[in-house]
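J.: Here you go, work14.tsv (TSV, C-alpha atoms):
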```
chain	number	residue	atom	x	y	z
A	1	MET	CA	-109.06	-136.83	5.27
A	2	ILE	CA	-112.07	-138.72	3.93
A	3	SER	CA	-114.23	-137.49	6.80
A	4	ARG	CA	-113.20	-133.87	6.11
A	5	THR	CA	-114.03	-134.27	2.37
A	6	TRP	CA	-117.53	-135.61	3.08
A	7	THR	CA	-118.13	-132.83	5.57
A	8	ARG	CA	-117.31	-130.26	2.87
A	9	ALA	CA	-119.61	-132.04	0.40
A	10	TRP	CA	-122.55	-132.00	2.79
A	11	CYS	CA	-121.93	-128.32	3.46
A	12	CYS	CA	-122.20	-127.65	-0.30
A	13	VAL	CA	-125.47	-129.57	-0.49
A	14	PHE	CA	-126.84	-127.64	2.49
A	15	LEU	CA	-125.86	-124.30	0.91
A	16	CYS	CA	-127.55	-125.25	-2.44
A	17	ILE	CA	-130.80	-126.24	-0.72
A	18	THR	CA	-130.74	-123.02	1.30
A	19	CYS	CA	-130.20	-121.02	-1.91
A	20	PHE	CA	-133.17	-122.75	-3.64
A	21	ALA	CA	-135.42	-122.10	-0.68
A	22	PHE	CA	-134.62	-118.45	-0.04
A	23	CYS	CA	-133.78	-117.20	-3.56
A	24	GLY	CA	-136.61	-118.92	-5.45
A	25	VAL	CA	-134.22	-120.87	-7.67
A	26	GLU	CA	-135.76	-124.04	-9.11
A	27	PRO	CA	-133.82	-127.17	-9.99
A	28	ALA	CA	-133.72	-128.35	-13.61
A	29	TYR	CA	-136.43	-130.98	-13.21
A	30	ALA	CA	-138.94	-128.29	-12.17
A	31	SER	CA	-138.34	-126.37	-15.40
A	32	SER	CA	-138.81	-129.54	-17.41
A	33	SER	CA	-142.16	-130.18	-15.72
A	34	GLN	CA	-143.36	-126.67	-16.53
A	35	ALA	CA	-142.32	-127.10	-20.15
A	36	VAL	CA	-144.51	-130.21	-20.44
A	37	LYS	CA	-147.44	-128.28	-19.00
A	38	SER	CA	-146.76	-125.45	-21.46
A	39	ILE	CA	-146.72	-127.84	-24.42
A	40	LYS	CA	-150.00	-129.44	-23.30
A	41	SER	CA	-151.49	-125.98	-22.92
A	42	SER	CA	-150.35	-124.91	-26.38
A	43	LYS	CA	-151.76	-128.11	-27.89
A	44	ALA	CA	-155.09	-127.49	-26.23
A	45	ALA	CA	-155.17	-123.95	-27.58
A	46	ARG	CA	-154.03	-124.88	-31.09
A	47	PRO	CA	-156.78	-124.30	-33.65
A	48	LYS	CA	-158.27	-127.28	-35.41
A	49	GLN	CA	-157.85	-127.73	-39.12
A	50	PRO	CA	-160.68	-126.46	-41.34
A	51	ALA	CA	-163.32	-128.61	-42.90
A	52	LYS	CA	-162.89	-129.73	-46.50
A	53	ARG	CA	-163.66	-126.99	-48.99
A	54	THR	CA	-163.97	-126.70	-52.73
A	55	ASN	CA	-162.64	-123.83	-54.79
A	56	PRO	CA	-163.88	-121.40	-55.98
A	57	THR	CA	-167.08	-122.14	-54.00
A	58	LYS	CA	-166.36	-122.67	-50.31
A	59	SER	CA	-168.28	-125.00	-48.04
A	60	ALA	CA	-168.23	-125.15	-44.22
A	61	ALA	CA	-166.00	-122.67	-42.43
A	62	SER	CA	-162.85	-123.70	-40.66
A	63	GLU	CA	-162.97	-123.63	-36.90
A	64	LYS	CA	-159.86	-121.46	-37.04
A	65	SER	CA	-158.40	-119.50	-39.90
A	66	VAL	CA	-155.17	-120.07	-41.78
A	67	ALA	CA	-153.68	-116.94	-40.21
A	68	ASP	CA	-155.28	-117.21	-36.80
A	69	GLN	CA	-152.11	-117.95	-34.86
A	70	GLN	CA	-150.63	-114.65	-36.06
A	71	GLY	CA	-153.86	-112.68	-35.63
A	72	PRO	CA	-154.41	-109.01	-34.93
A	73	GLY	CA	-154.47	-109.28	-31.14
A	74	ARG	CA	-157.32	-108.58	-28.77
A	75	ILE	CA	-160.73	-107.47	-30.04
A	76	SER	CA	-163.85	-106.71	-28.02
A	77	ALA	CA	-166.19	-108.87	-30.12
A	78	ASP	CA	-167.48	-112.18	-28.75
A	79	ALA	CA	-167.47	-113.57	-32.29
A	80	ALA	CA	-165.69	-112.37	-35.41
A	81	VAL	CA	-164.50	-113.39	-38.85
A	82	LEU	CA	-162.36	-111.82	-41.56
A	83	MET	CA	-162.92	-113.02	-45.14
A	84	ASP	CA	-161.36	-112.25	-48.50
A	85	VAL	CA	-164.26	-111.32	-50.77
A	86	LYS	CA	-162.63	-112.58	-53.97
A	87	THR	CA	-161.54	-116.01	-52.75
A	88	GLY	CA	-163.90	-116.59	-49.82
A	89	ASP	CA	-160.93	-117.65	-47.67
A	90	ILE	CA	-161.13	-117.07	-43.93
A	91	LEU	CA	-158.17	-115.00	-42.70
A	92	PHE	CA	-159.15	-114.73	-39.04
A	93	GLY	CA	-161.81	-116.30	-36.88
A	94	LYS	CA	-163.02	-116.05	-33.32
A	95	GLN	CA	-166.04	-118.15	-32.37
A	96	GLU	CA	-167.10	-117.69	-35.99
A	97	ASN	CA	-169.41	-120.73	-35.98
A	98	LYS	CA	-171.16	-119.93	-32.70
A	99	ARG	CA	-174.86	-119.19	-33.10
A	100	ARG	CA	-175.84	-115.71	-31.98
A	101	PRO	CA	-178.72	-113.28	-32.53
A	102	PRO	CA	-177.79	-111.24	-35.64
A	103	ALA	CA	-179.99	-108.19	-35.00
A	104	SER	CA	-180.39	-105.96	-38.07
A	105	THR	CA	-177.61	-107.66	-40.01
A	106	THR	CA	-180.56	-109.93	-40.89
A	107	LYS	CA	-181.53	-107.24	-43.41
A	108	ILE	CA	-178.61	-108.28	-45.61
A	109	MET	CA	-180.59	-111.37	-46.61
A	110	THR	CA	-183.84	-109.41	-46.89
A	111	ALA	CA	-182.17	-107.05	-49.36
A	112	ILE	CA	-180.61	-109.92	-51.34
A	113	LEU	CA	-183.98	-111.57	-51.92
A	114	GLY	CA	-185.59	-108.21	-52.61
A	115	PHE	CA	-183.21	-107.70	-55.51
A	116	GLU	CA	-183.15	-111.31	-56.73
A	117	LEU	CA	-186.87	-112.05	-56.55
A	118	GLY	CA	-188.35	-108.60	-57.09
A	119	ASN	CA	-188.19	-105.85	-59.67
A	120	SER	CA	-186.53	-102.69	-58.36
A	121	ASP	CA	-188.97	-100.45	-60.24
A	122	GLU	CA	-192.09	-102.15	-58.94
A	123	VAL	CA	-194.40	-100.02	-56.81
A	124	VAL	CA	-195.02	-101.28	-53.28
A	125	THR	CA	-198.12	-100.32	-51.31
A	126	VAL	CA	-197.44	-100.26	-47.56
A	127	SER	CA	-199.76	-102.52	-45.54
A	128	GLN	CA	-201.12	-101.92	-42.08
A	129	LYS	CA	-198.94	-104.72	-40.72
A	130	ALA	CA	-195.78	-103.17	-42.14
A	131	ALA	CA	-196.72	-99.73	-40.83
A	132	ASN	CA	-197.24	-101.15	-37.33
A	133	VAL	CA	-193.66	-102.47	-36.98
A	134	GLY	CA	-191.77	-100.57	-34.30
A	135	GLU	CA	-188.28	-99.60	-33.16
A	136	ALA	CA	-185.95	-98.47	-36.01
A	137	THR	CA	-188.32	-97.54	-38.83
A	138	LEU	CA	-188.93	-95.31	-41.83
A	139	HIS	CA	-192.23	-94.28	-40.17
A	140	LEU	CA	-194.23	-95.80	-43.01
A	141	ASP	CA	-197.98	-95.21	-43.10
A	142	PRO	CA	-200.60	-97.60	-44.50
A	143	GLY	CA	-201.38	-96.98	-48.16
A	144	GLU	CA	-198.14	-95.15	-48.97
A	145	LYS	CA	-196.61	-96.07	-52.31
A	146	ILE	CA	-192.88	-96.36	-52.95
A	147	ASN	CA	-190.60	-98.23	-55.36
A	148	LEU	CA	-189.06	-101.49	-54.16
A	149	TYR	CA	-185.54	-100.12	-54.69
A	150	GLU	CA	-186.28	-97.20	-52.35
A	151	LEU	CA	-187.59	-99.57	-49.68
A	152	ILE	CA	-184.47	-101.73	-49.88
A	153	THR	CA	-182.37	-98.57	-49.57
A	154	GLY	CA	-184.30	-97.61	-46.45
A	155	ALA	CA	-183.78	-101.08	-44.98
A	156	LEU	CA	-180.02	-101.12	-45.59
A	157	VAL	CA	-179.09	-97.48	-44.89
A	158	LYS	CA	-181.49	-96.44	-42.13
A	159	SER	CA	-182.25	-99.99	-40.95
A	160	GLY	CA	-186.01	-99.63	-41.36
A	161	ASN	CA	-187.80	-102.58	-39.78
A	162	ASP	CA	-191.09	-101.57	-41.37
A	163	ALA	CA	-189.44	-101.46	-44.80
A	164	CYS	CA	-188.39	-105.11	-44.42
A	165	VAL	CA	-191.94	-106.28	-43.81
A	166	ALA	CA	-193.19	-104.24	-46.77
A	167	ILE	CA	-190.49	-105.79	-48.99
A	168	ALA	CA	-191.40	-109.30	-47.85
A	169	GLU	CA	-195.13	-108.87	-48.38
A	170	HIS	CA	-194.61	-107.45	-51.85
A	171	VAL	CA	-192.15	-110.10	-53.02
A	172	ALA	CA	-193.63	-113.24	-51.43
A	173	GLY	CA	-197.18	-112.29	-50.48
A	174	SER	CA	-196.52	-112.57	-46.75
A	175	GLU	CA	-193.65	-112.12	-44.32
A	176	GLU	CA	-193.94	-115.77	-43.28
A	177	ARG	CA	-193.45	-117.04	-46.83
A	178	PHE	CA	-190.57	-114.61	-47.38
A	179	VAL	CA	-188.84	-115.89	-44.22
A	180	GLN	CA	-189.05	-119.42	-45.61
A	181	LEU	CA	-187.30	-118.18	-48.74
A	182	MET	CA	-184.65	-116.50	-46.60
A	183	ASN	CA	-183.85	-119.78	-44.89
A	184	MET	CA	-183.73	-121.63	-48.21
A	185	LYS	CA	-181.34	-119.03	-49.63
A	186	ALA	CA	-179.13	-119.17	-46.55
A	187	LEU	CA	-178.70	-122.93	-46.98
A	188	ALA	CA	-178.00	-122.49	-50.69
A	189	LEU	CA	-175.16	-120.11	-49.81
A	190	GLY	CA	-173.69	-122.60	-47.32
A	191	ALA	CA	-174.94	-120.81	-44.20
A	192	GLN	CA	-175.70	-123.99	-42.27
A	193	ASN	CA	-175.91	-122.41	-38.81
A	194	THR	CA	-178.53	-119.79	-39.64
A	195	HIS	CA	-182.26	-119.73	-39.05
A	196	PHE	CA	-184.41	-116.68	-39.65
A	197	GLY	CA	-187.69	-116.04	-37.86
A	198	ASN	CA	-188.39	-112.61	-39.31
A	199	THR	CA	-187.12	-110.18	-41.95
A	200	ASN	CA	-185.59	-107.47	-39.77
A	201	GLY	CA	-183.77	-109.08	-36.86
A	202	LEU	CA	-186.10	-108.05	-34.05
A	203	PRO	CA	-185.53	-110.48	-31.14
A	204	LEU	CA	-186.95	-113.99	-31.55
A	205	LYS	CA	-185.88	-117.17	-29.79
A	206	ASP	CA	-185.43	-119.16	-33.01
A	207	HIS	CA	-183.67	-116.41	-34.96
A	208	TYR	CA	-179.91	-116.82	-35.14
A	209	SER	CA	-176.84	-116.82	-37.33
A	210	THR	CA	-173.05	-116.89	-37.02
A	211	ALA	CA	-170.22	-114.57	-37.95
A	212	TYR	CA	-169.16	-116.95	-40.72
A	213	ASP	CA	-172.67	-117.34	-42.13
A	214	LEU	CA	-173.20	-113.58	-42.17
A	215	ALA	CA	-169.92	-113.21	-44.06
A	216	LEU	CA	-171.17	-115.70	-46.66
A	217	MET	CA	-174.40	-113.74	-47.08
A	218	ALA	CA	-172.68	-110.36	-47.23
A	219	ARG	CA	-170.16	-111.65	-49.75
A	220	HIS	CA	-173.04	-112.72	-51.98
A	221	GLY	CA	-174.77	-109.39	-51.42
A	222	LEU	CA	-171.68	-107.48	-52.53
A	223	SER	CA	-171.79	-109.38	-55.82
A	224	ILE	CA	-175.11	-107.63	-56.56
A	225	PRO	CA	-174.22	-104.18	-57.95
A	226	GLN	CA	-177.29	-102.46	-56.47
A	227	PHE	CA	-176.62	-103.90	-53.04
A	228	ALA	CA	-172.98	-102.82	-53.12
A	229	SER	CA	-173.92	-99.34	-54.34
A	230	ILE	CA	-176.46	-98.76	-51.58
A	231	THR	CA	-174.36	-100.01	-48.68
A	232	ARG	CA	-171.39	-97.76	-49.50
A	233	GLN	CA	-173.42	-94.56	-49.30
A	234	LYS	CA	-172.94	-92.38	-46.24
A	235	GLU	CA	-176.05	-90.35	-46.95
A	236	THR	CA	-178.81	-90.59	-49.51
A	237	GLU	CA	-182.51	-89.90	-49.99
A	238	ILE	CA	-185.52	-91.95	-51.01
A	239	HIS	CA	-188.57	-90.83	-52.97
A	240	PHE	CA	-192.13	-91.70	-51.99
A	241	LEU	CA	-194.61	-91.78	-54.87
A	242	GLU	CA	-197.74	-91.28	-52.77
A	243	PRO	CA	-197.48	-88.86	-51.11
A	244	ASP	CA	-194.84	-87.23	-53.33
A	245	VAL	CA	-192.15	-86.55	-50.72
A	246	MET	CA	-188.43	-87.11	-50.20
A	247	MET	CA	-186.80	-88.59	-47.08
A	248	ASP	CA	-183.16	-87.98	-46.17
A	249	LEU	CA	-181.25	-91.01	-44.87
A	250	ARG	CA	-177.97	-91.21	-42.98
A	251	ASN	CA	-176.14	-94.54	-42.85
A	252	THR	CA	-175.89	-96.22	-39.46
A	253	ASN	CA	-172.47	-97.63	-40.43
A	254	LYS	CA	-170.07	-95.08	-38.93
A	255	LEU	CA	-167.08	-96.95	-40.34
A	256	LEU	CA	-167.86	-95.23	-43.65
A	257	TRP	CA	-166.76	-91.98	-41.99
A	258	ASN	CA	-163.99	-93.37	-39.78
A	259	TYR	CA	-162.09	-95.61	-42.21
A	260	PRO	CA	-161.19	-94.32	-45.68
A	261	TYR	CA	-161.33	-97.75	-47.37
A	262	ALA	CA	-164.76	-98.76	-46.00
A	263	ASP	CA	-167.47	-99.44	-48.58
A	264	GLY	CA	-170.29	-101.33	-46.78
A	265	VAL	CA	-172.24	-103.14	-45.32
A	266	LYS	CA	-174.70	-103.18	-42.33
A	267	THR	CA	-174.97	-102.55	-38.60
A	268	GLY	CA	-177.18	-104.30	-36.06
A	269	THR	CA	-178.02	-103.65	-32.42
A	270	THR	CA	-180.35	-105.25	-29.89
A	271	THR	CA	-180.00	-105.95	-26.19
A	272	ALA	CA	-179.50	-109.67	-26.83
A	273	ALA	CA	-177.22	-109.31	-29.83
A	274	GLY	CA	-175.23	-106.35	-28.54
A	275	LYS	CA	-173.50	-104.13	-31.06
A	276	CYS	CA	-172.92	-105.95	-34.36
A	277	LEU	CA	-171.33	-104.95	-37.64
A	278	VAL	CA	-170.77	-106.48	-41.05
A	279	ALA	CA	-168.30	-104.26	-42.90
A	280	SER	CA	-166.35	-104.32	-46.14
A	281	ALA	CA	-163.35	-102.31	-47.29
A	282	THR	CA	-161.38	-102.11	-50.52
A	283	LYS	CA	-157.70	-101.17	-50.62
A	284	ASP	CA	-155.45	-101.35	-53.69
A	285	GLY	CA	-158.12	-103.29	-55.56
A	286	ARG	CA	-158.55	-105.96	-52.88
A	287	GLN	CA	-161.78	-106.21	-50.88
A	288	LEU	CA	-162.02	-107.72	-47.40
A	289	LEU	CA	-165.12	-108.42	-45.34
A	290	VAL	CA	-165.34	-108.42	-41.55
A	291	VAL	CA	-168.11	-109.49	-39.18
A	292	VAL	CA	-168.08	-108.66	-35.46
A	293	LEU	CA	-170.91	-109.75	-33.16
A	294	HIS	CA	-171.62	-108.56	-29.62
A	295	ALA	CA	-168.75	-106.10	-29.98
A	296	PRO	CA	-168.72	-103.09	-27.62
A	297	ASP	CA	-166.12	-101.47	-29.90
A	298	ARG	CA	-167.53	-102.73	-33.18
A	299	PHE	CA	-166.07	-100.01	-35.40
A	300	GLY	CA	-162.68	-100.20	-33.72
A	301	ASP	CA	-162.67	-104.01	-34.02
A	302	ALA	CA	-163.61	-103.86	-37.67
A	303	LYS	CA	-160.93	-101.32	-38.52
A	304	LYS	CA	-158.30	-103.30	-36.62
A	305	LEU	CA	-159.16	-106.56	-38.39
A	306	LEU	CA	-159.34	-104.99	-41.83
A	307	GLU	CA	-156.01	-103.21	-41.45
A	308	TRP	CA	-154.39	-106.37	-40.17
A	309	GLY	CA	-155.76	-108.30	-43.13
A	310	PHE	CA	-154.54	-105.80	-45.71
A	311	ASN	CA	-151.08	-105.59	-44.14
A	312	ASN	CA	-150.44	-109.24	-43.33
A	313	THR	CA	-152.23	-111.36	-45.93
A	314	GLU	CA	-152.24	-111.55	-49.72
A	315	ILE	CA	-153.94	-113.17	-52.69
A	316	VAL	CA	-151.83	-115.69	-54.60
A	317	HIS	CA	-152.95	-116.37	-58.18
A	318	LEU	CA	-152.46	-120.00	-59.19
A	319	ALA	CA	-154.27	-120.40	-62.51
A	320	ASN	CA	-156.43	-118.62	-65.05
A	321	ALA	CA	-159.82	-119.80	-66.24
A	322	GLY	CA	-159.28	-122.44	-68.90
A	323	GLN	CA	-155.59	-122.84	-68.13
A	324	THR	CA	-154.03	-126.25	-68.83
A	325	ILE	CA	-152.67	-127.68	-65.58
A	326	THR	CA	-151.20	-131.03	-66.64
A	327	GLU	CA	-151.89	-134.13	-68.75
A	328	PHE	CA	-154.00	-137.13	-67.86
A	329	THR	CA	-151.68	-140.04	-68.64
A	330	LYS	CA	-153.86	-143.01	-67.69
A	331	SER	CA	-155.30	-143.21	-71.20
A	332	LYS	CA	-153.21	-144.45	-74.12
A	333	ASP	CA	-152.95	-140.92	-75.51
A	334	PRO	CA	-152.25	-138.20	-72.92
A	335	VAL	CA	-155.16	-135.78	-72.49
A	336	ARG	CA	-154.65	-132.24	-71.29
A	337	VAL	CA	-156.75	-131.15	-68.31
A	338	PHE	CA	-157.73	-127.62	-67.30
A	339	THR	CA	-159.49	-125.58	-64.61
A	340	GLU	CA	-162.79	-124.00	-65.60
A	341	ALA	CA	-162.53	-121.04	-63.21
A	342	PRO	CA	-159.64	-118.87	-62.01
A	343	VAL	CA	-157.82	-120.24	-58.98
A	344	ASP	CA	-156.78	-117.80	-56.26
A	345	VAL	CA	-156.09	-118.28	-52.54
A	346	SER	CA	-155.63	-115.83	-49.69
A	347	ILE	CA	-152.85	-116.63	-47.24
A	348	PRO	CA	-150.54	-114.94	-44.72
A	349	LYS	CA	-147.64	-113.24	-46.48
A	350	THR	CA	-145.15	-115.02	-44.24
A	351	GLU	CA	-146.38	-118.48	-45.29
A	352	ARG	CA	-146.19	-118.28	-49.06
A	353	LEU	CA	-143.36	-120.83	-49.21
A	354	LYS	CA	-145.66	-123.38	-47.55
A	355	LEU	CA	-148.14	-123.21	-50.45
A	356	GLN	CA	-148.25	-126.47	-52.45
A	357	THR	CA	-150.54	-128.14	-54.98
A	358	HIS	CA	-151.21	-131.83	-55.56
A	359	ILE	CA	-153.05	-133.64	-58.35
A	360	VAL	CA	-155.36	-136.54	-57.49
A	361	TRP	CA	-156.79	-138.56	-60.39
A	362	GLU	CA	-160.35	-139.79	-59.93
A	363	LYS	CA	-160.78	-141.47	-63.31
A	364	ASN	CA	-159.09	-144.65	-64.48
A	365	GLY	CA	-157.96	-145.16	-68.06
A	366	ASP	CA	-161.32	-146.48	-69.30
A	367	LEU	CA	-162.54	-144.92	-72.53
A	368	PRO	CA	-164.33	-143.07	-73.95
A	369	LEU	CA	-163.69	-139.70	-72.36
A	370	GLU	CA	-165.83	-136.63	-72.99
A	371	ALA	CA	-164.60	-133.07	-73.38
A	372	GLY	CA	-165.29	-131.25	-70.11
A	373	GLU	CA	-165.47	-134.51	-68.13
A	374	ARG	CA	-164.00	-134.38	-64.64
A	375	LEU	CA	-160.88	-136.55	-64.50
A	376	GLY	CA	-159.43	-135.50	-61.16
A	377	ARG	CA	-158.89	-132.68	-58.74
A	378	TRP	CA	-156.21	-130.12	-57.98
A	379	GLU	CA	-155.67	-129.85	-54.23
A	380	ILE	CA	-154.22	-126.68	-52.72
A	381	TRP	CA	-152.38	-126.97	-49.42
A	382	LEU	CA	-150.79	-124.55	-47.01
A	383	GLY	CA	-148.42	-126.79	-45.10
A	384	LYS	CA	-150.63	-129.54	-43.67
A	385	GLN	CA	-153.85	-127.58	-44.16
A	386	LYS	CA	-155.97	-128.07	-47.27
A	387	LEU	CA	-157.23	-124.72	-48.57
A	388	GLY	CA	-159.27	-125.87	-51.51
A	389	THR	CA	-160.02	-128.38	-54.24
A	390	VAL	CA	-160.47	-127.54	-57.92
A	391	PRO	CA	-161.95	-129.93	-60.53
A	392	LEU	CA	-159.67	-130.88	-63.43
A	393	LEU	CA	-161.58	-131.27	-66.70
A	394	SER	CA	-160.71	-133.02	-69.96
A	395	GLU	CA	-159.94	-130.67	-72.86
A	396	CYS	CA	-161.15	-133.09	-75.53
A	397	ASP	CA	-163.14	-136.20	-76.38
A	398	VAL	CA	-161.31	-139.53	-76.57
A	399	ALA	CA	-163.04	-142.39	-78.39
A	400	LYS	CA	-162.67	-146.05	-77.52
A	401	ASN	CA	-160.15	-146.42	-80.33
A	402	HIS	CA	-158.00	-143.83	-78.49
A	403	SER	CA	-158.44	-141.14	-81.14
A	404	LEU	CA	-158.84	-137.54	-80.04
A	405	LEU	CA	-162.15	-136.36	-81.49
A	406	SER	CA	-162.96	-132.78	-80.48
A	407	PHE	CA	-161.79	-130.15	-78.06
A	408	TYR	CA	-163.84	-128.72	-75.25
A	409	SER	CA	-165.15	-125.25	-76.07
A	410	PHE	CA	-164.32	-123.28	-72.92
A	411	GLY	CA	-167.08	-120.98	-71.81
A	412	LYS	CA	-169.82	-122.71	-73.79
```
The structure in this file should be written as structure tokens.
T.:
Amino acid sequence: MISRTWTRAWCCVFLCITCFAFCGVEPAYASSSQAVKSIKSSKAARPKQPAKRTNPTKSAASEKSVADQQGPGRISADAAVLMDVKTGDILFGKQENKRRPPASTTKIMTAILGFELGNSDEVVTVSQKAANVGEATLHLDPGEKINLYELITGALVKSGNDACVAIAEHVAGSEERFVQLMNMKALALGAQNTHFGNTNGLPLKDHYSTAYDLALMARHGLSIPQFASITRQKETEIHFLEPDVMMDLRNTNKLLWNYPYADGVKTGTTTAAGKCLVASATKDGRQLLVVVLHAPDRFGDAKKLLEWGFNNTEIVHLANAGQTITEFTKSKDPVRVFTEAPVDVSIPKTERLKLQTHIVWEKNGDLPLEAGERLGRWEIWLGKQKLGTVPLLSECDVAKNHSLLSFYSFGK
């Protein structure tokens, strides 16, 4: 009886092994092993947390965005970034900190300095050096006279390389000096992975930027009304003073025709850089900014990212300028603290419940306190990811005898 039972048991074992071998069935321990590999793989692919930032002014970009894990899917660009113009928050990133040749998107910075350091009505006389610049040009001739505003329009709309050199020479005396100013401005805007070698983006070994840095520059450019006005135009014309002629211009940014919400900014193309695009769009009062570099389908990529951003992310308003946030209780008499600027963050719509704020006091109870003095910071978190830090300022003076003396005059 026992012998017959064991014989049946071994037959069952034999049949199970045969089934595994011929039917491709795997035992439970094999599935467990694959799960471990899958977890390791997902950990390796998980985006790192962003660098510390302050709000409203952002510092270094995050290596991955807050919404990256739920991104828009495949895009053709080697590097890309999607930014909310109002908050500066990164909504999507792909190799956004990788240095790449920026091609004619360089002209964004050239235009910014043209407006900030020059006078739009000033008359520029075209030099021989500017007239000799090749490839995409306005076909400038030496000795021609034209207003600075018209030259900047030609650089942004028709991507005139010669116009950029003429702008630089007029504003700074030489292209070389102007390029130094471009690099200084880039650093001032937080573009730490950018170095310009010329004003127009023609290929140079030591001329590079990143998708994130270009977004920072374009965001600043859009804050200049003249810049924003020029880059949204599909077609325009510029007026030469000597000789007295008009030139028709057609924008190289085809997204202005293909996407109804598009309102800027600049294209760029070279063999090394590939097809590049910095583009903005405004929908229902909200403006987003996208950068795609080395993107065979640059206009398709931009439209896809912008639509995804509008449909899947939102701005959350946390505080108004001058709004009291809490009271500083480390002094004998509680002192109200406020934020000097409005506080807004851009986040995925599905993650709003993860949004939290924390107060960190930086000042002890020592007196006196001055109105407007920084007493702490207001940290904004999305789950375990810090989105920003806002200074908390004292609303009033507090003397050593603990008396409240005067209130801070907001906006002074």
J.: For Gly285 of chain A, which residue among A:Leu256, A:Val85, A:Ala191, A:Leu318 is the nearest when counting only C-alpha atoms?
T.: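 Among the listed residues, the smallest separation from Gly285 of chain A belongs to A:Val85.
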J.: Which polymer residues have any atom within 6 Å of an atom of segment 228-245 of chain A, counting only C-alpha atoms, with same-chain residues fewer than 6 positions away left out, as a VMD selection string?
T.: chain A and resid 144 to 146 150 222 251 263 to 265
J.: Between segment 49-159 of chain A and segment 195-212 of chain A, at 6 Å or less, what are the per-residue closest atom pairs and their distances in Å? Count only C-alpha atoms, order by chain and rising residue number, and return it as CSV.
T.:
```
residue,atom,partner,partner_atom,distance
A:Ala80,CA,A:Ala211,CA,5.6
A:Val81,CA,A:Ala211,CA,5.9
A:Glu96,CA,A:Ala211,CA,4.8
A:Asn97,CA,A:Thr210,CA,5.4
A:Lys98,CA,A:Thr210,CA,5.6
A:Arg99,CA,A:Thr210,CA,4.9
A:Arg100,CA,A:Tyr208,CA,5.3
A:Pro101,CA,A:Tyr208,CA,4.6
A:Pro102,CA,A:Ser209,CA,5.9
A:Ala103,CA,A:Gly201,CA,4.3
A:Ser104,CA,A:Gly201,CA,4.8
A:Thr106,CA,A:Gly201,CA,5.2
A:Lys107,CA,A:Asn200,CA,5.5
A:Thr110,CA,A:Thr199,CA,6.0
```
J.: Which is closest to Gly300 of chain A among A:Lys283, A:Lys349, A:Lys363, A:Lys275, if we use all atoms listed in the file?
T.: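 With all atoms listed in the file as the atom set, the closest residue is A:Lys275.
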J.: Provide the atom CA of Ser331 of chain A to atom CA of Val360 of chain A distance in Å, to one decimal place.
T.: 15.2 Å
J.: Which residue out of A:Asn147, A:Ser394, A:Asn311, A:Asn258 has the minimum interatomic distance to Asn119 of chain A when all atoms listed in the file are used?
T.: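 Nearest candidate to Asn119 of chain A out of A:Asn147, A:Ser394, A:Asn311, A:Asn258: A:Asn147.
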